[in-house]
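File shown: target-v6.txt. Contents: compact mmCIF, C-alpha atoms.
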```txt
# COMPACT_ATOMS: atom_id res chain seq x y z
CA MET O 10 -32.10 -12.57 10.08
CA THR O 11 -28.39 -13.30 10.31
CA THR O 12 -27.23 -14.01 13.86
CA PRO O 13 -23.86 -12.71 15.18
CA THR O 14 -22.51 -16.28 15.14
CA GLN O 15 -23.59 -16.81 11.54
CA LEU O 16 -22.06 -13.45 10.57
CA ALA O 17 -18.76 -14.36 12.25
CA ASP O 18 -18.70 -17.72 10.43
CA GLN O 19 -19.53 -15.95 7.16
CA LEU O 20 -16.76 -13.36 7.57
CA SER O 21 -14.19 -16.02 8.46
CA THR O 22 -14.70 -17.65 5.06
CA THR O 23 -14.59 -14.45 2.99
CA THR O 24 -11.49 -12.89 1.53
CA LEU O 25 -10.00 -9.57 2.55
CA LEU O 26 -9.34 -6.70 0.12
CA ARG O 27 -7.24 -3.69 1.08
CA PHE O 28 -7.88 -0.72 -1.18
CA ALA O 29 -7.17 3.00 -1.25
CA THR O 30 -8.95 5.95 -2.79
CA ALA O 31 -7.16 8.89 -4.40
CA GLY O 32 -7.97 11.88 -6.56
CA SER O 33 -7.68 15.61 -6.92
CA VAL O 34 -9.20 18.08 -4.50
CA ASP O 35 -13.02 18.18 -4.75
CA ASP O 36 -13.21 15.14 -7.00
CA GLY O 37 -15.50 13.54 -4.42
CA LYS O 38 -13.36 10.87 -2.74
CA SER O 39 -14.89 11.23 0.71
CA THR O 40 -18.40 11.40 -0.78
CA LEU O 41 -17.73 8.19 -2.71
CA VAL O 42 -16.48 6.44 0.43
CA GLY O 43 -19.45 7.72 2.42
CA ARG O 44 -21.86 6.58 -0.30
CA LEU O 45 -20.16 3.18 -0.40
CA LEU O 46 -20.49 2.76 3.36
CA HIS O 47 -24.04 4.12 3.47
CA ASP O 48 -25.50 2.15 0.57
CA SER O 49 -23.81 -1.10 1.63
CA LYS O 50 -25.47 -0.71 5.08
CA SER O 51 -22.07 -0.37 6.79
CA VAL O 52 -22.89 2.79 8.77
CA LEU O 53 -24.12 2.58 12.36
CA THR O 54 -27.28 4.47 13.24
CA ASP O 55 -25.55 6.86 15.63
CA GLN O 56 -22.89 7.65 13.01
CA LEU O 57 -25.54 8.52 10.44
CA GLU O 58 -27.45 10.63 12.97
CA ALA O 59 -24.26 12.56 13.79
CA VAL O 60 -23.63 13.22 10.09
CA GLU O 61 -27.25 14.33 9.55
CA ASP O 62 -26.99 16.69 12.53
CA ALA O 63 -23.67 18.16 11.31
CA SER O 64 -25.11 18.60 7.82
CA ARG O 65 -28.16 20.47 9.14
CA LYS O 66 -25.93 22.82 11.12
CA ARG O 67 -24.09 23.62 7.88
CA GLY O 68 -27.38 24.43 6.14
CA GLN O 69 -27.49 21.27 3.99
CA GLU O 70 -30.85 19.62 3.38
CA THR O 71 -29.41 16.14 2.75
CA PRO O 72 -26.69 14.31 4.74
CA ASP O 73 -23.15 15.13 3.59
CA LEU O 74 -21.77 11.60 3.34
CA ALA O 75 -18.21 12.94 3.11
CA LEU O 76 -18.41 13.61 6.86
CA LEU O 77 -18.36 9.85 7.45
CA THR O 78 -14.64 9.85 6.63
CA ASP O 79 -13.46 13.44 7.13
CA GLY O 80 -13.00 13.08 10.88
CA LEU O 81 -10.52 15.86 11.66
CA ARG O 82 -11.96 19.27 12.56
CA ALA O 83 -9.74 20.94 9.96
CA GLU O 84 -11.03 18.51 7.33
CA ARG O 85 -14.66 19.34 8.08
CA GLU O 86 -14.02 23.07 8.21
CA GLN O 87 -12.13 23.15 4.89
CA GLY O 88 -14.10 20.38 3.18
CA ILE O 89 -10.92 18.49 2.31
CA THR O 90 -9.16 15.29 3.33
CA ILE O 91 -5.86 15.83 5.15
CA ASP O 92 -4.97 12.57 6.88
CA VAL O 93 -5.47 8.97 5.77
CA ALA O 94 -8.84 7.77 7.07
CA TYR O 95 -9.14 4.01 7.49
CA ARG O 96 -12.53 2.36 7.39
CA TYR O 97 -13.46 -1.27 7.89
CA PHE O 98 -16.59 -2.80 6.42
CA ALA O 99 -17.84 -6.06 5.02
CA THR O 100 -20.42 -7.55 2.68
CA PRO O 101 -21.48 -11.20 2.47
CA ARG O 102 -18.91 -11.69 -0.31
CA ARG O 103 -15.80 -9.94 1.06
CA ARG O 104 -14.21 -7.95 3.90
CA PHE O 105 -12.61 -4.57 3.20
CA ILE O 106 -10.00 -2.27 4.70
CA LEU O 107 -10.33 1.11 3.00
CA ALA O 108 -7.79 3.93 3.11
CA ASP O 109 -9.24 7.29 2.08
CA THR O 110 -6.15 9.32 1.12
CA PRO O 111 -5.77 13.10 0.60
CA GLY O 112 -5.74 14.73 -2.81
CA HIS O 113 -3.48 17.72 -2.18
CA VAL O 114 0.06 17.69 -3.59
CA GLN O 115 1.51 18.41 -0.14
CA TYR O 116 -0.05 15.21 1.19
CA THR O 117 1.56 12.84 -1.34
CA ARG O 118 3.28 11.08 1.56
CA ASN O 119 -0.13 10.29 3.04
CA MET O 120 -1.21 8.61 -0.18
CA VAL O 121 2.00 6.56 -0.18
CA THR O 122 1.20 5.45 3.35
CA GLY O 123 -2.37 4.47 2.49
CA ALA O 124 -1.54 2.70 -0.79
CA SER O 125 1.58 0.88 0.40
CA THR O 126 -0.41 -2.17 1.51
CA ALA O 127 -3.29 -1.84 -0.98
CA GLU O 128 -4.15 -4.44 -3.59
CA LEU O 129 -6.39 -1.96 -5.41
CA ALA O 130 -6.50 1.81 -5.86
CA VAL O 131 -9.59 3.79 -6.80
CA VAL O 132 -8.54 6.97 -8.62
CA LEU O 133 -11.31 9.54 -8.96
CA VAL O 134 -11.61 12.02 -11.80
CA ASP O 135 -14.10 14.87 -12.07
CA ALA O 136 -15.95 14.29 -15.36
CA ARG O 137 -15.96 18.05 -15.98
CA ASN O 138 -12.17 18.40 -15.67
CA GLY O 139 -10.89 15.10 -17.03
CA VAL O 140 -7.36 13.82 -16.35
CA VAL O 141 -5.33 16.52 -14.58
CA GLU O 142 -1.80 16.67 -13.17
CA GLN O 143 -2.82 15.25 -9.79
CA THR O 144 -4.54 12.34 -11.55
CA ARG O 145 -1.27 11.49 -13.25
CA ARG O 146 0.58 11.82 -9.95
CA HIS O 147 -1.72 9.34 -8.28
CA ALA O 148 -1.41 6.91 -11.18
CA ALA O 149 2.36 7.20 -10.92
CA VAL O 150 2.33 6.56 -7.16
CA ALA O 151 0.10 3.51 -7.67
CA ALA O 152 2.54 2.19 -10.28
CA LEU O 153 5.52 2.98 -8.05
CA LEU O 154 3.98 1.03 -5.17
CA ARG O 155 3.12 -1.90 -7.47
CA VAL O 156 -0.61 -1.74 -6.76
CA PRO O 157 -1.89 -4.56 -9.00
CA HIS O 158 -5.41 -3.21 -9.70
CA VAL O 159 -6.47 0.37 -10.47
CA VAL O 160 -10.06 1.55 -10.84
CA LEU O 161 -10.73 4.81 -12.66
CA ALA O 162 -13.94 6.23 -11.19
CA VAL O 163 -15.16 9.04 -13.43
CA ASN O 164 -17.25 10.97 -10.90
CA LYS O 165 -19.92 13.67 -11.20
CA MET O 166 -21.37 12.19 -14.38
CA ASP O 167 -24.66 13.85 -13.40
CA LEU O 168 -23.02 17.24 -14.06
CA VAL O 169 -22.21 16.30 -17.67
CA ASP O 170 -25.67 14.87 -18.38
CA TYR O 171 -24.35 11.29 -18.11
CA ALA O 172 -22.73 11.68 -21.53
CA GLU O 173 -20.99 8.52 -22.75
CA PRO O 174 -18.46 10.37 -24.99
CA VAL O 175 -17.17 12.35 -21.99
CA PHE O 176 -16.57 9.14 -20.05
CA ALA O 177 -15.03 7.33 -23.02
CA ALA O 178 -12.51 10.11 -23.70
CA ILE O 179 -11.38 10.28 -20.06
CA ALA O 180 -11.15 6.49 -19.78
CA GLU O 181 -9.07 6.23 -22.95
CA GLU O 182 -6.61 8.94 -21.88
CA PHE O 183 -6.12 7.57 -18.36
CA THR O 184 -5.85 3.94 -19.45
CA ALA O 185 -3.15 4.77 -21.98
CA TYR O 186 -1.17 6.75 -19.39
CA ALA O 187 -1.46 4.18 -16.58
CA ALA O 188 -0.61 1.31 -18.91
CA SER O 189 2.56 3.14 -19.99
CA LEU O 190 3.59 3.19 -16.31
CA GLY O 191 3.22 -0.58 -16.06
CA VAL O 192 -0.11 -0.75 -14.20
CA PRO O 193 -1.25 -4.30 -15.01
CA GLU O 194 -5.04 -3.84 -14.77
CA ILE O 195 -7.23 -0.75 -15.20
CA THR O 196 -11.03 -0.72 -14.89
CA ALA O 197 -13.03 2.43 -15.72
CA ILE O 198 -16.45 3.02 -14.14
CA PRO O 199 -18.74 6.08 -14.67
CA ILE O 200 -20.32 7.16 -11.37
CA SER O 201 -22.06 9.90 -9.45
CA ALA O 202 -21.10 9.53 -5.79
CA LEU O 203 -23.55 12.23 -4.73
CA ALA O 204 -26.53 10.63 -6.49
CA GLY O 205 -25.38 7.04 -5.94
CA ASP O 206 -25.11 6.10 -9.62
CA ASN O 207 -23.01 2.94 -10.17
CA VAL O 208 -21.55 3.01 -6.66
CA VAL O 209 -23.54 0.18 -5.07
CA GLU O 210 -26.59 0.09 -7.32
CA PRO O 211 -26.55 0.26 -11.16
CA SER O 212 -27.44 3.63 -12.63
CA ALA O 213 -30.75 4.16 -14.42
CA HIS O 214 -29.21 7.13 -16.23
CA MET O 215 -26.36 5.28 -17.97
CA ASP O 216 -27.90 2.34 -19.81
CA TRP O 217 -24.96 2.56 -22.25
CA TYR O 218 -22.66 1.24 -19.51
CA GLY O 219 -22.75 -2.52 -19.03
CA GLY O 220 -19.92 -3.04 -16.55
CA PRO O 221 -19.95 -3.59 -12.80
CA THR O 222 -20.69 -1.02 -10.11
CA VAL O 223 -17.84 0.04 -7.85
CA LEU O 224 -18.92 -2.36 -5.09
CA GLU O 225 -19.46 -5.23 -7.52
CA HIS O 226 -15.94 -4.79 -8.83
CA LEU O 227 -14.49 -4.58 -5.31
CA GLU O 228 -16.30 -7.78 -4.38
CA THR O 229 -15.18 -9.75 -7.43
CA VAL O 230 -11.69 -8.48 -8.33
CA PRO O 231 -9.15 -11.31 -7.87
CA VAL O 232 -7.24 -10.78 -4.63
CA SER O 233 -3.66 -11.17 -5.78
CA HIS O 234 -1.88 -11.02 -2.42
CA ASP O 235 -1.33 -14.77 -2.28
CA LEU O 236 1.89 -14.68 -0.29
CA THR O 237 2.31 -18.45 -0.57
CA ALA O 238 3.29 -18.05 -4.22
CA CYS O 239 6.19 -15.72 -3.34
CA HIS O 240 9.78 -16.52 -2.41
CA ALA O 241 9.72 -18.05 1.10
CA ARG O 242 10.99 -15.59 3.72
CA PHE O 243 10.97 -15.84 7.53
CA PRO O 244 12.27 -12.84 9.53
CA VAL O 245 13.22 -14.01 13.02
CA GLN O 246 11.46 -11.96 15.68
CA TYR O 247 12.36 -13.83 18.88
CA VAL O 248 14.53 -16.75 20.00
CA ILE O 249 12.72 -19.17 22.32
CA ARG O 250 15.12 -20.95 24.68
CA PRO O 251 13.19 -22.05 27.84
CA GLN O 252 15.98 -24.24 29.34
CA THR O 253 13.53 -25.95 31.67
CA ALA O 254 13.50 -29.51 32.94
CA GLU O 255 10.65 -30.25 30.53
CA HIS O 256 12.41 -28.66 27.54
CA PRO O 257 16.15 -28.65 28.35
CA ASP O 258 17.35 -28.49 24.73
CA TYR O 259 14.50 -26.63 23.02
CA ARG O 260 15.63 -23.84 20.70
CA GLY O 261 13.04 -22.25 18.43
CA TYR O 262 12.89 -19.16 16.25
CA ALA O 263 9.58 -17.34 16.40
CA GLY O 264 8.14 -14.87 13.92
CA GLN O 265 5.63 -14.33 11.14
CA ILE O 266 6.24 -15.88 7.74
CA ALA O 267 6.52 -12.89 5.43
CA ALA O 268 6.02 -14.88 2.23
CA GLY O 269 6.02 -18.38 0.81
CA VAL O 270 5.81 -21.84 2.38
CA PHE O 271 8.13 -23.72 4.76
CA ARG O 272 8.19 -27.49 5.23
CA VAL O 273 9.83 -29.85 7.73
CA GLY O 274 12.95 -31.38 6.19
CA GLU O 275 13.59 -28.39 3.89
CA PRO O 276 17.20 -27.11 3.66
CA VAL O 277 17.40 -23.44 4.65
CA THR O 278 19.97 -20.66 4.88
CA VAL O 279 20.22 -18.17 7.73
CA LEU O 280 21.06 -14.68 6.50
CA PRO O 281 23.14 -12.60 6.62
CA SER O 282 25.58 -15.17 8.08
CA GLY O 283 24.98 -17.66 5.28
CA ARG O 284 24.95 -20.68 7.61
CA THR O 285 22.83 -23.59 6.43
CA SER O 286 20.68 -26.15 8.21
CA THR O 287 17.44 -28.11 7.83
CA ILE O 288 14.03 -27.42 9.33
CA SER O 289 13.54 -30.15 11.95
CA GLY O 290 10.19 -28.94 13.24
CA ILE O 291 7.49 -26.29 12.94
CA ASP O 292 5.34 -25.32 15.94
CA LEU O 293 2.01 -23.60 15.32
CA LEU O 294 -0.31 -22.65 18.18
CA GLY O 295 1.26 -25.25 20.45
CA ASP O 296 1.09 -28.08 17.92
CA SER O 297 3.74 -29.51 15.63
CA VAL O 298 2.93 -29.26 11.92
CA ASP O 299 4.70 -30.39 8.76
CA ILE O 300 4.02 -27.26 6.71
CA ALA O 301 3.36 -23.57 7.34
CA TRP O 302 2.72 -20.62 5.06
CA ALA O 303 2.40 -16.83 5.03
CA PRO O 304 1.13 -14.97 6.98
CA GLN O 305 1.09 -17.54 9.80
CA SER O 306 3.04 -16.86 13.00
CA VAL O 307 5.10 -19.93 13.82
CA THR O 308 8.23 -21.18 15.53
CA LEU O 309 10.83 -22.89 13.35
CA ARG O 310 13.27 -25.43 14.80
CA LEU O 311 16.52 -26.22 13.00
CA ALA O 312 18.49 -29.46 12.98
CA ASP O 313 21.78 -27.72 13.79
CA ASP O 314 22.78 -25.33 16.58
CA VAL O 315 23.55 -22.35 14.37
CA ASP O 316 23.81 -18.78 15.56
CA VAL O 317 20.41 -17.21 14.88
CA SER O 318 19.07 -14.04 16.49
CA ARG O 319 16.37 -11.39 16.05
CA GLY O 320 16.71 -9.67 12.69
CA ASP O 321 18.10 -12.70 10.86
CA LEU O 322 16.23 -14.01 7.83
CA ILE O 323 15.59 -17.71 7.18
CA ALA O 324 15.07 -18.62 3.53
CA PRO O 325 15.20 -21.77 1.37
CA ALA O 326 18.80 -22.76 0.64
CA ASN O 327 18.15 -22.74 -3.11
CA ASP O 328 16.14 -19.49 -3.15
CA SER O 329 17.87 -16.96 -0.91
CA PRO O 330 18.00 -13.21 -1.48
CA ALA O 331 21.30 -11.47 -2.12
CA VAL O 332 23.12 -10.01 0.88
CA THR O 333 24.45 -6.47 0.50
CA GLN O 334 25.56 -3.39 2.37
CA ASP O 335 24.90 -1.06 -0.57
CA VAL O 336 21.18 -0.43 -0.94
CA GLU O 337 19.89 1.33 -4.06
CA ALA O 338 16.25 2.24 -3.75
CA THR O 339 13.39 4.61 -4.42
CA VAL O 340 12.16 6.44 -1.34
CA CYS O 341 9.24 8.70 -0.50
CA HIS O 342 10.36 11.23 2.07
CA VAL O 343 7.68 11.60 4.74
CA ALA O 344 9.38 13.76 7.41
CA ASP O 345 9.31 17.54 7.60
CA GLN O 346 13.09 17.63 8.02
CA PRO O 347 15.01 16.97 4.78
CA LEU O 348 17.03 13.87 3.91
CA THR O 349 20.55 14.90 2.89
CA VAL O 350 23.66 13.27 1.44
CA GLY O 351 25.98 12.17 4.25
CA GLN O 352 23.16 11.93 6.80
CA ARG O 353 23.42 9.10 9.34
CA VAL O 354 20.21 7.10 9.71
CA LEU O 355 18.84 3.80 10.94
CA LEU O 356 17.50 1.40 8.31
CA LYS O 357 14.68 -0.90 9.47
CA HIS O 358 14.04 -3.92 7.26
CA THR O 359 11.53 -6.51 8.54
CA THR O 360 12.74 -7.25 12.11
CA ARG O 361 16.31 -5.99 11.56
CA THR O 362 17.48 -2.44 12.28
CA VAL O 363 21.02 -1.37 11.33
CA LYS O 364 23.03 1.83 11.24
CA ALA O 365 23.45 3.40 7.80
CA ILE O 366 24.57 6.50 5.97
CA VAL O 367 23.02 8.19 2.93
CA LYS O 368 25.84 8.02 0.36
CA ASP O 369 24.06 9.63 -2.56
CA ILE O 370 20.76 11.02 -3.79
CA PRO O 371 21.14 10.59 -7.58
CA SER O 372 17.79 12.05 -8.59
CA ARG O 373 14.39 13.33 -7.57
CA LEU O 374 11.31 12.22 -9.49
CA THR O 375 8.98 14.92 -10.82
CA LEU O 376 5.58 13.23 -10.83
CA ASP O 377 4.05 15.91 -13.07
CA ASP O 378 5.91 14.75 -16.17
CA LEU O 379 7.90 11.73 -14.83
CA SER O 380 11.19 13.50 -15.45
CA GLN O 381 14.22 13.14 -13.19
CA HIS O 382 15.87 16.10 -11.49
CA PRO O 383 19.52 15.00 -11.17
CA ALA O 384 21.61 15.39 -8.01
CA PRO O 385 19.09 17.36 -5.90
CA GLY O 386 21.33 17.08 -2.84
CA GLN O 387 18.38 16.51 -0.55
CA LEU O 388 14.78 15.30 -0.43
CA VAL O 389 12.11 17.30 1.38
CA ALA O 390 8.65 16.27 2.56
CA ASN O 391 6.59 14.50 -0.14
CA ASP O 392 9.60 14.15 -2.48
CA ILE O 393 10.15 10.83 -4.25
CA GLY O 394 13.70 10.08 -5.34
CA ARG O 395 16.49 7.58 -5.78
CA VAL O 396 18.95 7.05 -2.92
CA VAL O 397 22.07 4.99 -2.30
CA VAL O 398 22.47 3.90 1.32
CA ARG O 399 25.50 2.15 2.86
CA THR O 400 24.66 -0.01 5.87
CA ALA O 401 27.00 -0.91 8.73
CA GLU O 402 25.90 -4.56 8.56
CA PRO O 403 24.81 -6.78 5.65
CA LEU O 404 21.11 -6.98 4.79
CA ALA O 405 19.16 -9.69 2.96
CA LEU O 406 16.93 -7.55 0.72
CA ASP O 407 14.63 -8.63 -2.07
CA ALA O 408 13.81 -6.27 -4.91
CA TYR O 409 10.54 -4.46 -4.21
CA ALA O 410 9.33 -5.57 -7.64
CA ASP O 411 9.60 -9.19 -6.42
CA SER O 412 8.26 -8.73 -2.89
CA ARG O 413 6.48 -5.75 -1.38
CA ARG O 414 7.02 -7.30 2.08
CA THR O 415 10.77 -7.99 2.05
CA GLY O 416 11.73 -5.37 -0.52
CA SER O 417 10.57 -2.41 1.58
CA PHE O 418 12.26 -0.61 4.45
CA LEU O 419 12.19 2.55 6.56
CA LEU O 420 14.87 5.17 7.13
CA ILE O 421 14.69 6.42 10.73
CA ASP O 422 16.24 9.36 12.56
CA PRO O 423 18.55 7.80 15.19
CA ALA O 424 18.17 10.85 17.45
CA ASP O 425 14.43 10.64 18.13
CA GLY O 426 13.10 7.61 16.19
CA THR O 427 11.18 9.71 13.65
CA THR O 428 10.44 7.94 10.37
CA LEU O 429 12.23 9.86 7.63
CA SER O 430 11.56 7.92 4.41
CA ALA O 431 9.75 4.84 3.16
CA GLY O 432 11.96 2.88 0.77
CA MET O 433 11.50 0.37 -2.04
CA ALA O 434 14.66 -1.56 -2.88
CA GLY O 435 15.90 -2.14 -6.39
CA ALA O 436 14.82 -0.73 -9.72
CA SER O 437 11.18 0.05 -9.07
CA PHE O 438 9.10 2.67 -10.88
CA ALA O 439 11.86 5.28 -10.73
CA ALA O 440 13.93 3.24 -13.19
CA VAL O 441 11.03 3.30 -15.64
CA ALA O 442 10.55 7.02 -15.16
CA GLU O 443 14.26 7.55 -15.70
CA ALA O 444 13.96 5.99 -19.13
CA LYS O 445 11.14 8.45 -19.85
CA ALA O 446 13.18 11.50 -18.85
CA PRO O 447 13.31 14.12 -21.60
CA ALA O 448 16.53 13.94 -23.56
CA ASP O 449 19.04 16.75 -23.44
CA ASP O 450 18.73 18.80 -26.62
CA ASP O 451 22.54 18.82 -26.93
CA ALA O 452 22.98 15.14 -26.11
CA GLU O 453 23.68 14.13 -29.71
CA TRP O 454 26.08 16.97 -30.45
CA ASP O 455 29.84 16.42 -30.15
CA PHE O 456 31.50 19.70 -29.18
```
Would you kindly transcribe this structure into structure tokens?
Amino acid sequence: MTTPTQLADQLSTTTLLRFATAGSVDDGKSTLVGRLLHDSKSVLTDQLEAVEDASRKRGQETPDLALLTDGLRAEREQGITIDVAYRYFATPRRRFILADTPGHVQYTRNMVTGASTAELAVVLVDARNGVVEQTRRHAAVAALLRVPHVVLAVNKMDLVDYAEPVFAAIAEEFTAYAASLGVPEITAIPISALAGDNVVEPSAHMDWYGGPTVLEHLETVPVSHDLTACHARFPVQYVIRPQTAEHPDYRGYAGQIAAGVFRVGEPVTVLPSGRTSTISGIDLLGDSVDIAWAPQSVTLRLADDVDVSRGDLIAPANDSPAVTQDVEATVCHVADQPLTVGQRVLLKHTTRTVKAIVKDIPSRLTLDDLSQHPAPGQLVANDIGRVVVRTAEPLALDAYADSRRTGSFLLIDPADGTTLSAGMAGASFAAVAEAKAPADDDAEWDF
């Protein structure tokens, strides 16, 4: 039997995978998540007893595993997922943070929230219905958020007699569509979440399928969030200046390395001022080290007394992001109040928050067919569109395509601090969709 100490040692050496589930209403997302937790022995006894009791009260003979994730009363009453439900579980091979996201169109913003930090997205499709509009929406959101791995889980195979041609047709259609959006890796798996086929254990009903189960794939997919391979970025969170008799001249800049590696002796630039210096020391957990990497929290010391404060960004002198006050980005509007042209907002990027104004909303993306609706004038809840924002102070922004950490930002209501929109700087998926916009029938005519 594994002791708590052995389990802790085992978990400390395993990798972490963040993944999200998505799909249309009644495709079985919550049932899949419940089956995954149940069959991987990640459900506590009292949780399972509560689900069994709730299922009996609803007249169900077997436990409704969807109740393991549908925690809101409204979710249980309606049998749908409304909010993002986060679950944490682990196997001997890997640790997981799972975001079960809603399937309704009006909760697109919730899927964006859940998938924004995911390295993998599981998109469910009902084998009886095939690829539908909401399936394409979720594929588009995954591509927009640069999720590197997408799993197509063709669910309810038991209701189509486990027919291989049904699965093959759905897999071919979805793979072609997702690949056209730029999704780098797509894996299709036929499952029955209700019966447990190919979720944790291989199915005895689909001997024609020789690939991994859902859990096997989750345990073995390469975790591609190696932040040390990215451009080195260090947002300053706090300036440490003790001015004590023991440390009369100590000046350090504390924060979490967002990406990349920093070394003692490396020339760096402080942005947005553009002042340069050299890293003279790195303090980590009270000790001096020669090298530090993401996502460690450290204190950097510089050789020169340059003006550095919270919100500044320290980057290698030969690999610094561009500084700008004109931000062009794709945003997902998450607030109930609309985002309008001319609106004054706060823009929060890493540890820096600046005043800004929405100069333009060039287009709104229609996820159904990837067309662009030009000059909408405003974005309402769940809308995804292009915006141009002018900031009062310069920002050091990476393109979201290069860095999900330093290429993202939030637009905030200065009146009450409400988050208005989640933004992705640069030409992200919206630029691709723009190229796919249907051409004007009269575009080639010269009147």
Near-O:Asp36 list (12 Å; only C-alpha atoms; drop same-chain fewer than 2 positions) as a ChimeraX atom specification: /O:30-34,38-42,75,88-90,111-113,131-141,143-144,162-166,200-203
What is the distance between atom CA of O:Val389 and atom CA of O:His158, in Å to one decimal? 29.2 Å
Polymer residues at most 10 Å from O:Val277, all atoms listed in the file, same-chain spacing of 6 or more positions, as a PyMOL selection string: chain O and resi 271+283-288+311+323-329
For those residues, write C-alpha atoms to a file as a PDB file, in the frame of the given file.
```
ATOM      1  CA  PHE O 271       8.130 -23.720   4.760  1.00  0.00           C
ATOM      2  CA  GLY O 283      24.980 -17.660   5.280  1.00  0.00           C
ATOM      3  CA  ARG O 284      24.950 -20.680   7.610  1.00  0.00           C
ATOM      4  CA  THR O 285      22.830 -23.590   6.430  1.00  0.00           C
ATOM      5  CA  SER O 286      20.680 -26.150   8.210  1.00  0.00           C
ATOM      6  CA  THR O 287      17.440 -28.110   7.830  1.00  0.00           C
ATOM      7  CA  ILE O 288      14.030 -27.420   9.330  1.00  0.00           C
ATOM      8  CA  LEU O 311      16.520 -26.220  13.000  1.00  0.00           C
ATOM      9  CA  ILE O 323      15.590 -17.710   7.180  1.00  0.00           C
ATOM     10  CA  ALA O 324      15.070 -18.620   3.530  1.00  0.00           C
ATOM     11  CA  PRO O 325      15.200 -21.770   1.370  1.00  0.00           C
ATOM     12  CA  ALA O 326      18.800 -22.760   0.640  1.00  0.00           C
ATOM     13  CA  ASN O 327      18.150 -22.740  -3.110  1.00  0.00           C
ATOM     14  CA  ASP O 328      16.140 -19.490  -3.150  1.00  0.00           C
ATOM     15  CA  SER O 329      17.870 -16.960  -0.910  1.00  0.00           C
TER      16      SER O 329
END
```
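In this model, the gap between atom CA of O:Gly264 and atom CA of O:Ala124 comes to 24.9 Å.
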Would you tabulate, counting only C-alpha atoms, all residues of stretch 247-312 of chain O that have an atom at most 12 Å from an atom of stretch 331-354 of chain O, showing the closest pair of atoms and their distance in Å to one decimal, sorted by chain then ascending number, as CSV?
```
residue,atom,partner,partner_atom,distance
O:Thr278,CA,O:Ala331,CA,11.6
O:Val279,CA,O:Val332,CA,11.0
O:Leu280,CA,O:Val332,CA,7.6
O:Pro281,CA,O:Val332,CA,6.3
O:Ser282,CA,O:Val332,CA,9.2
O:Gly283,CA,O:Val332,CA,9.0
```
Would you mind exporting the chosen residues as a CSV table (one decimal), in the coordinates of the input, restricted to C-alpha atoms?
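Result written to out17.csv:
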```csv
chain,number,residue,atom,x,y,z
O,278,THR,CA,20.0,-20.7,4.9
O,279,VAL,CA,20.2,-18.2,7.7
O,280,LEU,CA,21.1,-14.7,6.5
O,281,PRO,CA,23.1,-12.6,6.6
O,282,SER,CA,25.6,-15.2,8.1
O,283,GLY,CA,25.0,-17.7,5.3
```
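Relative to atom CA of O:Tyr409, atom CA of O:Gly432 is found at 9.0 Å.
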Measuring between only C-alpha atoms, which one of O:Gly290, O:Pro211, O:Pro423, O:Pro385 shows the shortest distance to O:Arg260?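 That would be O:Gly290, the residue with the smallest distance to O:Arg260.
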Please define a box with edges along x, y and z of the file around all atoms of stretch 379-395 of chain O given in the file, extend it by 3 Å on each side, and return its centre and edge lengths in Å to one decimal, as AutoDock Vina command-line options.
```
--center_x 14.1 --center_y 12.5 --center_z -6.4 --size_x 21.0 --size_y 15.8 --size_z 24.0
```
Can you list, as a VMD selection string, every protein, DNA or RNA residue that comes within 7 Å of O:Ile370 when you count only C-alpha atoms, leaving out same-chain residues fewer than 2 positions away? chain O and resid 350 372 384 to 387 395 to 397
With only C-alpha atoms as the counted atoms, please give the residues lying no more than 12 Å from O:Arg27, apart from itself and same-chain residues fewer than 6 positions off, as number ranges by chain. O: 95-99, 103-109, 123-131, 156-158, 227-228, 230-234
Residues proximal to (4.7, -17.6, 6.9) were defined as those with any atom within 12 Å of that point in the file's coordinates, counting all atoms listed in the file. Which are they, as a PyMOL selection string? chain O and resi 235-245+263-272+291-293+300-309+323-324+414
Taking C-alpha atoms for each residue, export the selection above as a compact mmCIF listing (two decimals), keeping the file's coordinate frame.
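Just written: out_4.txt:
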```
# COMPACT_ATOMS: atom_id res chain seq x y z
CA ASP O 235 -1.33 -14.77 -2.28
CA LEU O 236 1.89 -14.68 -0.29
CA THR O 237 2.31 -18.45 -0.57
CA ALA O 238 3.29 -18.05 -4.22
CA CYS O 239 6.19 -15.72 -3.34
CA HIS O 240 9.78 -16.52 -2.41
CA ALA O 241 9.72 -18.05 1.10
CA ARG O 242 10.99 -15.59 3.72
CA PHE O 243 10.97 -15.84 7.53
CA PRO O 244 12.27 -12.84 9.53
CA VAL O 245 13.22 -14.01 13.02
CA ALA O 263 9.58 -17.34 16.40
CA GLY O 264 8.14 -14.87 13.92
CA GLN O 265 5.63 -14.33 11.14
CA ILE O 266 6.24 -15.88 7.74
CA ALA O 267 6.52 -12.89 5.43
CA ALA O 268 6.02 -14.88 2.23
CA GLY O 269 6.02 -18.38 0.81
CA VAL O 270 5.81 -21.84 2.38
CA PHE O 271 8.13 -23.72 4.76
CA ARG O 272 8.19 -27.49 5.23
CA ILE O 291 7.49 -26.29 12.94
CA ASP O 292 5.34 -25.32 15.94
CA LEU O 293 2.01 -23.60 15.32
CA ILE O 300 4.02 -27.26 6.71
CA ALA O 301 3.36 -23.57 7.34
CA TRP O 302 2.72 -20.62 5.06
CA ALA O 303 2.40 -16.83 5.03
CA PRO O 304 1.13 -14.97 6.98
CA GLN O 305 1.09 -17.54 9.80
CA SER O 306 3.04 -16.86 13.00
CA VAL O 307 5.10 -19.93 13.82
CA THR O 308 8.23 -21.18 15.53
CA LEU O 309 10.83 -22.89 13.35
CA ILE O 323 15.59 -17.71 7.18
CA ALA O 324 15.07 -18.62 3.53
CA ARG O 414 7.02 -7.30 2.08
```
